[in-house]
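Asks: entry_12.csv is reproduced below (CSV, C-alpha atoms).
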```csv
chain,number,residue,atom,x,y,z
A,89,MET,CA,-126.6,-214.9,-93.8
A,90,GLY,CA,-123.5,-214.0,-95.5
A,91,LEU,CA,-124.7,-210.4,-96.2
A,92,ALA,CA,-125.9,-210.1,-92.6
A,93,PHE,CA,-122.4,-211.2,-91.3
A,94,CYS,CA,-120.7,-208.6,-93.5
A,95,THR,CA,-123.0,-205.9,-92.2
A,96,ILE,CA,-122.3,-206.8,-88.5
A,97,ALA,CA,-118.5,-207.0,-89.1
A,98,SER,CA,-118.6,-203.6,-90.8
A,99,ALA,CA,-120.5,-202.1,-87.8
A,100,GLY,CA,-117.9,-203.6,-85.5
A,101,ALA,CA,-115.1,-201.9,-87.4
A,102,VAL,CA,-116.8,-198.6,-87.3
A,103,SER,CA,-117.5,-198.8,-83.5
A,104,ALA,CA,-113.7,-199.3,-82.9
A,105,GLN,CA,-113.2,-195.7,-84.0
A,106,GLY,CA,-113.7,-192.9,-81.6
A,107,ILE,CA,-113.5,-189.1,-81.5
A,108,TRP,CA,-109.8,-189.3,-80.4
A,109,ASP,CA,-109.1,-190.8,-83.8
A,110,ASP,CA,-110.4,-187.8,-85.6
A,111,PRO,CA,-107.7,-185.6,-87.1
A,112,ALA,CA,-107.8,-182.7,-84.6
A,113,PHE,CA,-107.6,-185.0,-81.6
A,114,SER,CA,-105.2,-187.4,-83.1
A,115,LEU,CA,-102.8,-184.5,-83.9
A,116,TYR,CA,-103.3,-183.2,-80.3
A,117,ARG,CA,-102.5,-186.6,-78.9
A,118,GLN,CA,-99.3,-186.7,-80.9
A,119,ALA,CA,-98.4,-183.2,-79.7
A,120,VAL,CA,-98.8,-184.4,-76.1
A,121,GLU,CA,-96.5,-187.3,-76.8
A,122,ALA,CA,-94.0,-184.9,-78.3
A,123,MET,CA,-94.2,-182.7,-75.1
A,124,ASP,CA,-93.6,-185.8,-73.0
A,125,ARG,CA,-90.4,-186.3,-75.0
A,126,LYS,CA,-89.5,-182.6,-74.5
A,127,ASP,CA,-89.6,-182.2,-78.3
A,128,TYR,CA,-91.1,-178.7,-77.9
A,129,GLY,CA,-90.7,-177.7,-81.6
A,130,ARG,CA,-92.6,-180.8,-82.7
A,131,ALA,CA,-95.3,-180.3,-80.1
A,132,SER,CA,-95.8,-176.7,-81.2
A,133,ASP,CA,-96.1,-177.8,-84.9
A,134,LEU,CA,-98.5,-180.6,-84.1
A,135,SER,CA,-100.7,-178.5,-81.9
A,136,GLY,CA,-100.8,-175.9,-84.6
A,137,GLN,CA,-102.0,-178.6,-87.1
A,138,ALA,CA,-104.7,-179.6,-84.6
A,139,ILE,CA,-105.8,-176.0,-84.3
A,140,ALA,CA,-106.0,-175.8,-88.1
A,141,GLN,CA,-108.3,-178.8,-88.0
A,142,GLN,CA,-110.4,-177.5,-85.1
A,143,PRO,CA,-110.0,-173.7,-84.6
A,144,THR,CA,-111.7,-173.8,-81.2
A,145,HIS,CA,-109.4,-176.6,-79.8
A,146,VAL,CA,-108.8,-175.2,-76.3
A,147,LEU,CA,-106.4,-177.9,-75.3
A,148,ALA,CA,-104.3,-177.5,-78.4
A,149,TYR,CA,-103.9,-173.8,-77.8
A,150,TYR,CA,-102.9,-174.4,-74.2
A,151,LEU,CA,-100.4,-177.0,-75.3
A,152,ARG,CA,-98.9,-174.8,-77.9
A,153,GLY,CA,-98.6,-172.1,-75.3
A,154,GLN,CA,-96.7,-174.6,-73.0
A,155,ALA,CA,-94.4,-175.5,-75.9
A,156,ALA,CA,-93.6,-171.9,-76.5
A,157,MET,CA,-93.1,-171.3,-72.8
A,158,PHE,CA,-90.5,-174.1,-72.6
A,159,GLN,CA,-88.7,-172.5,-75.5
A,160,SER,CA,-88.9,-169.0,-73.9
A,161,ARG,CA,-90.9,-167.7,-76.8
A,162,TRP,CA,-93.0,-165.5,-74.6
A,163,ASP,CA,-94.9,-163.6,-77.3
A,164,ASP,CA,-96.1,-166.8,-78.8
A,165,ALA,CA,-96.9,-168.2,-75.4
A,166,ALA,CA,-99.0,-165.2,-74.5
A,167,ALA,CA,-100.8,-165.4,-77.8
A,168,SER,CA,-101.6,-169.1,-77.3
A,169,PHE,CA,-102.6,-168.8,-73.7
A,170,GLY,CA,-104.6,-165.7,-74.5
A,171,LYS,CA,-106.6,-167.7,-77.1
A,172,ALA,CA,-107.1,-170.5,-74.6
A,173,VAL,CA,-108.7,-168.3,-72.0
A,174,GLU,CA,-110.7,-166.4,-74.6
A,175,LEU,CA,-112.3,-169.8,-75.6
A,176,TYR,CA,-112.4,-171.0,-72.0
A,177,PRO,CA,-112.5,-168.1,-69.4
A,178,GLY,CA,-112.9,-170.6,-66.6
A,179,SER,CA,-109.4,-172.0,-67.0
A,180,PHE,CA,-107.3,-171.4,-63.9
A,181,ALA,CA,-104.2,-172.8,-65.6
A,182,GLY,CA,-104.8,-170.7,-68.7
A,183,HIS,CA,-105.0,-167.4,-66.7
A,184,ARG,CA,-102.1,-168.4,-64.5
A,185,ASP,CA,-99.8,-169.2,-67.4
A,186,LEU,CA,-100.9,-166.2,-69.4
A,187,GLY,CA,-99.9,-164.1,-66.4
A,188,GLY,CA,-96.5,-165.8,-66.3
A,189,ALA,CA,-96.0,-165.0,-70.0
A,190,PHE,CA,-96.9,-161.4,-69.5
A,191,GLU,CA,-94.5,-161.2,-66.5
A,192,GLN,CA,-91.7,-162.5,-68.7
A,193,LEU,CA,-92.6,-159.8,-71.2
A,194,ASN,CA,-92.3,-157.2,-68.5
A,195,ARG,CA,-96.0,-156.3,-68.7
A,196,PRO,CA,-96.8,-156.3,-64.9
A,197,ASP,CA,-100.3,-154.8,-65.1
A,198,ASP,CA,-101.4,-157.4,-67.7
A,199,ALA,CA,-99.7,-160.2,-65.6
A,200,ALA,CA,-101.4,-159.0,-62.4
A,201,ARG,CA,-104.8,-159.0,-64.1
A,202,GLU,CA,-104.4,-162.6,-65.2
A,203,TYR,CA,-103.1,-163.7,-61.8
A,204,GLU,CA,-106.1,-162.1,-60.2
A,205,ALA,CA,-108.4,-163.8,-62.6
A,206,ALA,CA,-106.7,-167.1,-61.8
A,207,LEU,CA,-107.1,-166.5,-58.0
A,208,ALA,CA,-110.8,-165.7,-58.5
A,209,LEU,CA,-111.1,-169.3,-59.9
A,210,ARG,CA,-108.8,-171.0,-57.4
A,211,ASP,CA,-107.3,-169.5,-54.2
A,212,GLN,CA,-103.7,-170.8,-54.2
A,213,ASP,CA,-100.9,-169.6,-51.9
A,214,ASP,CA,-98.2,-169.9,-54.5
A,215,LEU,CA,-100.1,-167.6,-56.8
A,216,HIS,CA,-100.7,-165.1,-54.0
A,217,MET,CA,-97.0,-165.0,-53.5
A,218,ARG,CA,-96.2,-164.7,-57.2
A,219,LEU,CA,-98.6,-161.8,-57.5
A,220,ALA,CA,-97.4,-160.0,-54.4
A,221,PHE,CA,-93.8,-160.0,-55.4
A,222,LEU,CA,-94.7,-159.0,-59.0
A,223,LEU,CA,-96.5,-156.0,-57.5
A,224,LEU,CA,-93.7,-155.1,-55.2
A,225,LYS,CA,-91.2,-155.2,-58.1
A,226,ALA,CA,-93.6,-153.0,-60.0
A,227,ASN,CA,-93.5,-150.5,-57.1
A,228,GLN,CA,-97.2,-151.1,-56.2
A,229,PRO,CA,-96.8,-152.1,-52.5
A,230,ALA,CA,-100.4,-151.1,-51.6
A,231,ARG,CA,-101.7,-153.8,-54.0
A,232,ALA,CA,-99.2,-156.3,-52.8
A,233,LEU,CA,-99.9,-156.0,-49.1
A,234,PRO,CA,-103.3,-157.8,-49.0
A,235,HIS,CA,-101.8,-160.8,-50.7
A,236,LEU,CA,-98.9,-160.8,-48.3
A,237,GLN,CA,-101.2,-160.5,-45.4
A,238,THR,CA,-103.3,-163.4,-46.7
A,239,LEU,CA,-100.2,-165.5,-46.7
A,240,ALA,CA,-99.3,-164.4,-43.2
A,241,ASP,CA,-102.7,-165.2,-41.9
A,242,ARG,CA,-102.2,-168.7,-43.2
A,243,ASP,CA,-98.9,-168.9,-41.4
A,244,SER,CA,-96.8,-169.0,-44.5
A,245,LYS,CA,-93.5,-170.8,-44.2
A,246,ALA,CA,-91.9,-168.6,-46.9
A,247,PRO,CA,-89.4,-166.2,-45.2
A,248,GLU,CA,-89.7,-163.8,-48.1
A,249,VAL,CA,-93.3,-163.1,-47.1
A,250,TRP,CA,-92.3,-162.1,-43.6
A,251,SER,CA,-89.4,-160.0,-44.8
A,252,ALA,CA,-91.6,-158.1,-47.2
A,253,LEU,CA,-94.1,-157.5,-44.4
A,254,GLY,CA,-91.3,-156.4,-42.1
A,255,ARG,CA,-90.2,-153.8,-44.6
A,256,ALA,CA,-93.7,-152.6,-45.1
A,257,ALA,CA,-94.2,-152.1,-41.4
A,258,TYR,CA,-90.8,-150.4,-41.1
A,259,GLU,CA,-91.7,-147.9,-43.8
A,260,LYS,CA,-94.8,-147.1,-41.8
A,261,SER,CA,-92.7,-146.7,-38.7
A,262,ASP,CA,-94.6,-149.6,-37.1
A,263,LEU,CA,-91.5,-150.9,-35.4
A,264,PRO,CA,-93.0,-153.5,-33.1
A,265,VAL,CA,-94.7,-155.2,-36.1
A,266,ALA,CA,-91.5,-154.9,-38.2
A,267,GLU,CA,-89.6,-156.5,-35.4
A,268,LYS,CA,-92.1,-159.4,-35.2
A,269,ASN,CA,-92.0,-160.0,-39.0
A,270,PHE,CA,-88.2,-159.8,-39.4
A,271,THR,CA,-87.9,-162.2,-36.4
A,272,ARG,CA,-90.2,-164.6,-38.2
A,273,ALA,CA,-88.3,-164.4,-41.4
A,274,ALA,CA,-85.0,-165.1,-39.7
A,275,ALA,CA,-86.5,-168.0,-37.8
A,276,LEU,CA,-87.7,-169.6,-41.0
A,277,ARG,CA,-84.3,-169.1,-42.8
A,278,ASP,CA,-80.9,-168.2,-41.4
A,279,ASP,CA,-80.4,-165.3,-43.8
A,280,GLY,CA,-77.9,-162.5,-43.3
A,281,ARG,CA,-80.1,-159.7,-44.7
A,282,ALA,CA,-83.1,-160.7,-42.5
A,283,TRP,CA,-80.8,-160.7,-39.4
A,284,PHE,CA,-79.3,-157.4,-40.3
A,285,ASN,CA,-82.7,-155.8,-40.8
A,286,LEU,CA,-83.8,-157.2,-37.5
A,287,GLY,CA,-80.8,-155.6,-35.9
A,288,VAL,CA,-81.8,-152.2,-37.5
A,289,VAL,CA,-85.3,-152.4,-36.1
A,290,ARG,CA,-84.2,-153.5,-32.6
A,291,THR,CA,-81.6,-150.7,-32.5
A,292,ARG,CA,-84.4,-148.2,-33.2
A,293,LEU,CA,-86.5,-149.8,-30.5
A,294,ASN,CA,-83.5,-149.3,-28.2
A,295,ASP,CA,-83.3,-153.1,-27.6
A,296,LEU,CA,-79.5,-153.1,-27.8
A,297,PRO,CA,-79.0,-156.7,-26.5
A,298,GLY,CA,-81.5,-157.9,-29.1
A,299,ALA,CA,-79.8,-155.8,-31.8
A,300,LEU,CA,-76.4,-157.1,-30.9
A,301,GLN,CA,-77.7,-160.7,-31.2
A,302,ALA,CA,-79.2,-160.0,-34.6
A,303,PHE,CA,-76.1,-158.2,-35.9
A,304,GLU,CA,-73.8,-161.0,-34.7
A,305,LYS,CA,-76.0,-163.5,-36.6
A,306,ALA,CA,-75.8,-161.3,-39.7
A,307,ALA,CA,-72.0,-161.2,-39.3
A,308,GLY,CA,-71.9,-165.0,-39.8
A,309,HIS,CA,-73.0,-164.5,-43.5
A,310,ASP,CA,-70.7,-163.5,-46.3
A,311,GLU,CA,-73.1,-161.0,-47.8
A,312,THR,CA,-73.6,-159.1,-44.6
A,313,ARG,CA,-70.4,-159.8,-42.7
A,314,VAL,CA,-68.6,-156.5,-43.0
A,315,PRO,CA,-71.5,-154.1,-42.4
A,316,ALA,CA,-72.7,-156.3,-39.6
A,317,GLN,CA,-69.4,-156.3,-37.9
A,318,LYS,CA,-69.3,-152.5,-37.9
A,319,GLU,CA,-72.8,-152.5,-36.3
A,320,VAL,CA,-71.7,-155.0,-33.7
A,321,ALA,CA,-69.0,-152.6,-32.7
A,322,LYS,CA,-71.3,-149.6,-32.6
A,323,VAL,CA,-73.9,-151.4,-30.5
A,324,ARG,CA,-71.4,-152.7,-28.0
A,325,GLU,CA,-70.1,-149.1,-27.6
A,326,ALA,CA,-73.7,-147.8,-27.2
A,327,MET,CA,-74.3,-150.5,-24.5
A,328,LYS,CA,-71.5,-148.9,-22.5
A,329,GLN,CA,-73.3,-145.6,-22.7
A,330,PRO,CA,-77.0,-146.2,-21.8
A,331,THR,CA,-78.0,-142.6,-22.4
A,332,ALA,CA,-76.6,-142.5,-25.9
A,333,GLY,CA,-79.1,-142.1,-28.8
A,334,SER,CA,-79.9,-144.8,-31.2
A,335,PRO,CA,-79.4,-143.5,-34.8
A,336,ASP,CA,-80.7,-145.4,-37.7
A,337,ARG,CA,-78.2,-147.7,-39.3
A,338,VAL,CA,-78.7,-149.4,-42.6
A,339,MET,CA,-76.7,-151.6,-44.9
A,340,PRO,CA,-74.7,-150.0,-47.8
A,341,GLY,CA,-77.1,-149.1,-50.6
A,342,GLY,CA,-80.0,-148.4,-48.2
A,343,THR,CA,-81.6,-145.1,-47.4
A,344,PRO,CA,-81.5,-143.6,-43.9
A,345,GLY,CA,-84.5,-144.8,-42.0
A,346,GLN,CA,-85.1,-147.8,-44.2
A,347,PRO,CA,-83.6,-151.3,-44.0
A,348,LEU,CA,-82.1,-152.8,-47.1
A,349,PRO,CA,-84.9,-154.8,-48.9
A,350,SER,CA,-84.6,-158.5,-48.0
A,351,ARG,CA,-84.2,-161.0,-50.8
A,352,ARG,CA,-87.3,-161.4,-52.7
A,353,TYR,CA,-89.3,-164.5,-54.2
```
Please go through the file and, once you have read it, give me the structure as structure tokens.
Replies:
Amino acid sequence: MGLAFCTIASAGAVSAQGIWDDPAFSLYRQAVEAMDRKDYGRASDLSGQAIAQQPTHVLAYYLRGQAAMFQSRWDDAAASFGKAVELYPGSFAGHRDLGGAFEQLNRPDDAAREYEAALALRDQDDLHMRLAFLLLKANQPARALPHLQTLADRDSKAPEVWSALGRAAYEKSDLPVAEKNFTRAAALRDDGRAWFNLGVVRTRLNDLPGALQAFEKAAGHDETRVPAQKEVAKVREAMKQPTAGSPDRVMPGGTPGQPLPSRRY
């Protein structure tokens, strides 16, 4: 009886242990706790130790990438997130954060590839927006446009989306669409640049009362006050002469025929 009791007790002690008590997972758990304390150096070290115990520990690679990201160590973040998605290609978060690391490293093509991979796994508006503005910044508007249009079709509440679509339409000389998009941008956020650009489009459409209203709104903002006030004077003068032409007018720093780019995401 005594021997049997000892055997049962021993079995009970063994059953209290689980896989999370094994070294690789124990170290990972400690790394998570360090992250929760915002001790990113410790989290990086512990996740590295977990990887040494288990070289295919996807969660540890991802956590080490996060720790590097919070320390702005973008090369290390990219390496860790890259290993995570190599081991687990179906990770939305892995592809998204690898894209973010590449974006910080000024590698737009690599970033776009990872964002697209993430979108293939999960269709997320925030990521459509991030990718669109990455591509615009990289001077790839044709690739950005479908993502902007997707957001517009979903009635995005981000004024930057509508301003970007407004500029795209303006550059194609599609003034009615440009007017619609800049109007939407200005309605979502009272922004001087959006109002100024709306005034530019309405002037070209020969909607002088509408242009005057937009330029007056732009004049109420510090960043556009001076050029908008000049445009207000010009429009008022043109309204006294109905047969006068409507030359393009742009903010300083713009190119004739193109409105100044609106603030971007």
Asks: Check which residues of region 161-279 of chain A sit at most 12 Å from region 131-135 of chain A using only C-alpha atoms, and return one row each with the closest pair of atoms and their distance in Å to one decimal, ordered by chain and rising number, as a tab-separated table.
Replies:
```
residue	atom	partner	partner_atom	distance
A:Arg161	CA	A:Ser132	CA	11.2
A:Asp164	CA	A:Ser132	CA	10.2
A:Ala165	CA	A:Ser132	CA	10.3
A:Ser168	CA	A:Ser132	CA	10.3
```
Asks: Nearest to Ala275 (chain A) among A:Ala257, A:Tyr150, A:Arg292, A:Ser251, with distances taken over all atoms listed in the file: which residue is it?
Replies: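 Closest to Ala275 (chain A) of all the choices is A:Ser251.
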Asks: A:Tyr258, A:Arg152, A:Phe190, A:Phe180: which is nearest Ala166 (chain A), counting only C-alpha atoms?
Replies: A:Phe190
Asks: Need the shell around Asp278 (chain A): protein/DNA/RNA residues with any atom at most 9 Å away, counting all atoms listed in the file. Skip same-chain ones fewer than 3 positions apart. Format as a PDB file with C-alpha atoms, in the frame of the given file?
Replies:
```pdb
ATOM      1  CA  ALA A 273     -88.300-164.400 -41.400  1.00  0.00           C
ATOM      2  CA  ALA A 274     -85.000-165.100 -39.700  1.00  0.00           C
ATOM      3  CA  ALA A 275     -86.500-168.000 -37.800  1.00  0.00           C
ATOM      4  CA  ALA A 282     -83.100-160.700 -42.500  1.00  0.00           C
ATOM      5  CA  TRP A 283     -80.800-160.700 -39.400  1.00  0.00           C
ATOM      6  CA  LYS A 305     -76.000-163.500 -36.600  1.00  0.00           C
ATOM      7  CA  ALA A 306     -75.800-161.300 -39.700  1.00  0.00           C
ATOM      8  CA  HIS A 309     -73.000-164.500 -43.500  1.00  0.00           C
TER       9      HIS A 309
END
```
Asks: Counting all atoms listed in the file, which residues of region 165-218 of chain A sit at most 7 Å from some atom of region 234-242 of chain A, and what is each one's closest atom pair with its distance in Å to one decimal, listed by chain and rising residue number, as a tab-separated table?
Replies:
```
residue	atom	partner	partner_atom	distance
A:Asp213	CA	A:Leu239	CA	6.7
A:His216	CA	A:His235	CA	5.5
A:Met217	CA	A:Leu236	CA	6.9
```
Asks: Which residues, written as a PyMOL selection string, have at least one atom at most 9 Å from region 113-121 of chain A, with only C-alpha atoms counted and residues fewer than 2 positions away on the same chain left out?
Replies: chain A and resi 107-111+123-128+130-139+141-142+145+147-148+151-152
Asks: One decimal, Å: what's the distance from CA of Tyr149 (chain A) over to CA of Gln212 (chain A), could you say?
Replies: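 Going from CA of Tyr149 (chain A) over to CA of Gln212 (chain A), I get 23.8 Å.
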Asks: Kindly provide, as a ChimeraX atom specification, the polymer residues lying within 12 Å of (-99.7, -157.3, -59.1), counting only C-alpha atoms and using the coordinates exactly as they appear in the file.
Replies: /A:187-188,190-191,194-205,207,215-236
Asks: Quick one, how far is CA of Ala181 (chain A) from CA of Ala140 (chain A)?
Replies: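 Computing it gives 22.8 Å between the two atoms.
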Asks: I need the residue nearest Arg281 (chain A) from this list: A:Ser179, A:Asn294, A:Gln159, A:Thr312. Use all atoms listed in the file for the distance.
Replies: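 Among A:Ser179, A:Asn294, A:Gln159, A:Thr312, it is A:Thr312 that comes nearest to Arg281 (chain A).
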Asks: Could you tell me how far CA of Thr271 (chain A) sits from CA of Phe303 (chain A), in Å to one decimal place?
Replies: 12.5 Å
Asks: Which residue gives the smallest distance to Glu174 (chain A) among A:Gln154, A:Arg290, A:Val146, A:Asp310, with only C-alpha atoms counted?
Replies: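 Nearest to Glu174 (chain A): A:Val146.
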Asks: Where atoms are absent from region 265-276 of chain A, fill them in so it carries N, CA, C and O atoms, then output it as a compact mmCIF listing (two decimals), in the frame of the given file.
Replies:
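Result saved to selection.txt:
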```txt
# COMPACT_ATOMS: atom_id res chain seq x y z
N VAL A 265 -94.29 -154.21 -35.12
CA VAL A 265 -94.70 -155.20 -36.10
C VAL A 265 -93.55 -155.54 -37.05
O VAL A 265 -93.38 -156.71 -37.43
N ALA A 266 -92.73 -154.57 -37.39
CA ALA A 266 -91.50 -154.90 -38.20
C ALA A 266 -90.63 -155.84 -37.50
O ALA A 266 -90.12 -156.79 -38.12
N GLU A 267 -90.43 -155.63 -36.19
CA GLU A 267 -89.60 -156.50 -35.40
C GLU A 267 -90.13 -157.95 -35.41
O GLU A 267 -89.40 -158.93 -35.60
N LYS A 268 -91.44 -158.06 -35.24
CA LYS A 268 -92.10 -159.40 -35.20
C LYS A 268 -91.91 -160.09 -36.57
O LYS A 268 -91.60 -161.28 -36.63
N ASN A 269 -92.10 -159.34 -37.66
CA ASN A 269 -92.00 -160.00 -39.00
C ASN A 269 -90.61 -160.35 -39.38
O ASN A 269 -90.39 -161.43 -39.94
N PHE A 270 -89.63 -159.49 -39.09
CA PHE A 270 -88.20 -159.80 -39.40
C PHE A 270 -87.77 -161.02 -38.53
O PHE A 270 -86.99 -161.86 -38.98
N THR A 271 -88.26 -161.07 -37.29
CA THR A 271 -87.90 -162.20 -36.40
C THR A 271 -88.43 -163.51 -37.03
O THR A 271 -87.73 -164.52 -37.04
N ARG A 272 -89.65 -163.46 -37.54
CA ARG A 272 -90.20 -164.60 -38.20
C ARG A 272 -89.45 -165.05 -39.40
O ARG A 272 -89.19 -166.24 -39.63
N ALA A 273 -89.07 -164.07 -40.21
CA ALA A 273 -88.30 -164.40 -41.40
C ALA A 273 -86.97 -165.04 -41.07
O ALA A 273 -86.58 -166.04 -41.70
N ALA A 274 -86.28 -164.50 -40.07
CA ALA A 274 -85.00 -165.10 -39.70
C ALA A 274 -85.13 -166.44 -39.07
O ALA A 274 -84.25 -167.29 -39.22
N ALA A 275 -86.26 -166.69 -38.39
CA ALA A 275 -86.50 -168.00 -37.80
C ALA A 275 -86.74 -169.05 -38.87
O ALA A 275 -86.36 -170.23 -38.72
N LEU A 276 -87.37 -168.64 -39.96
CA LEU A 276 -87.70 -169.60 -41.00
C LEU A 276 -86.45 -169.89 -41.90
O LEU A 276 -86.33 -170.99 -42.44
```
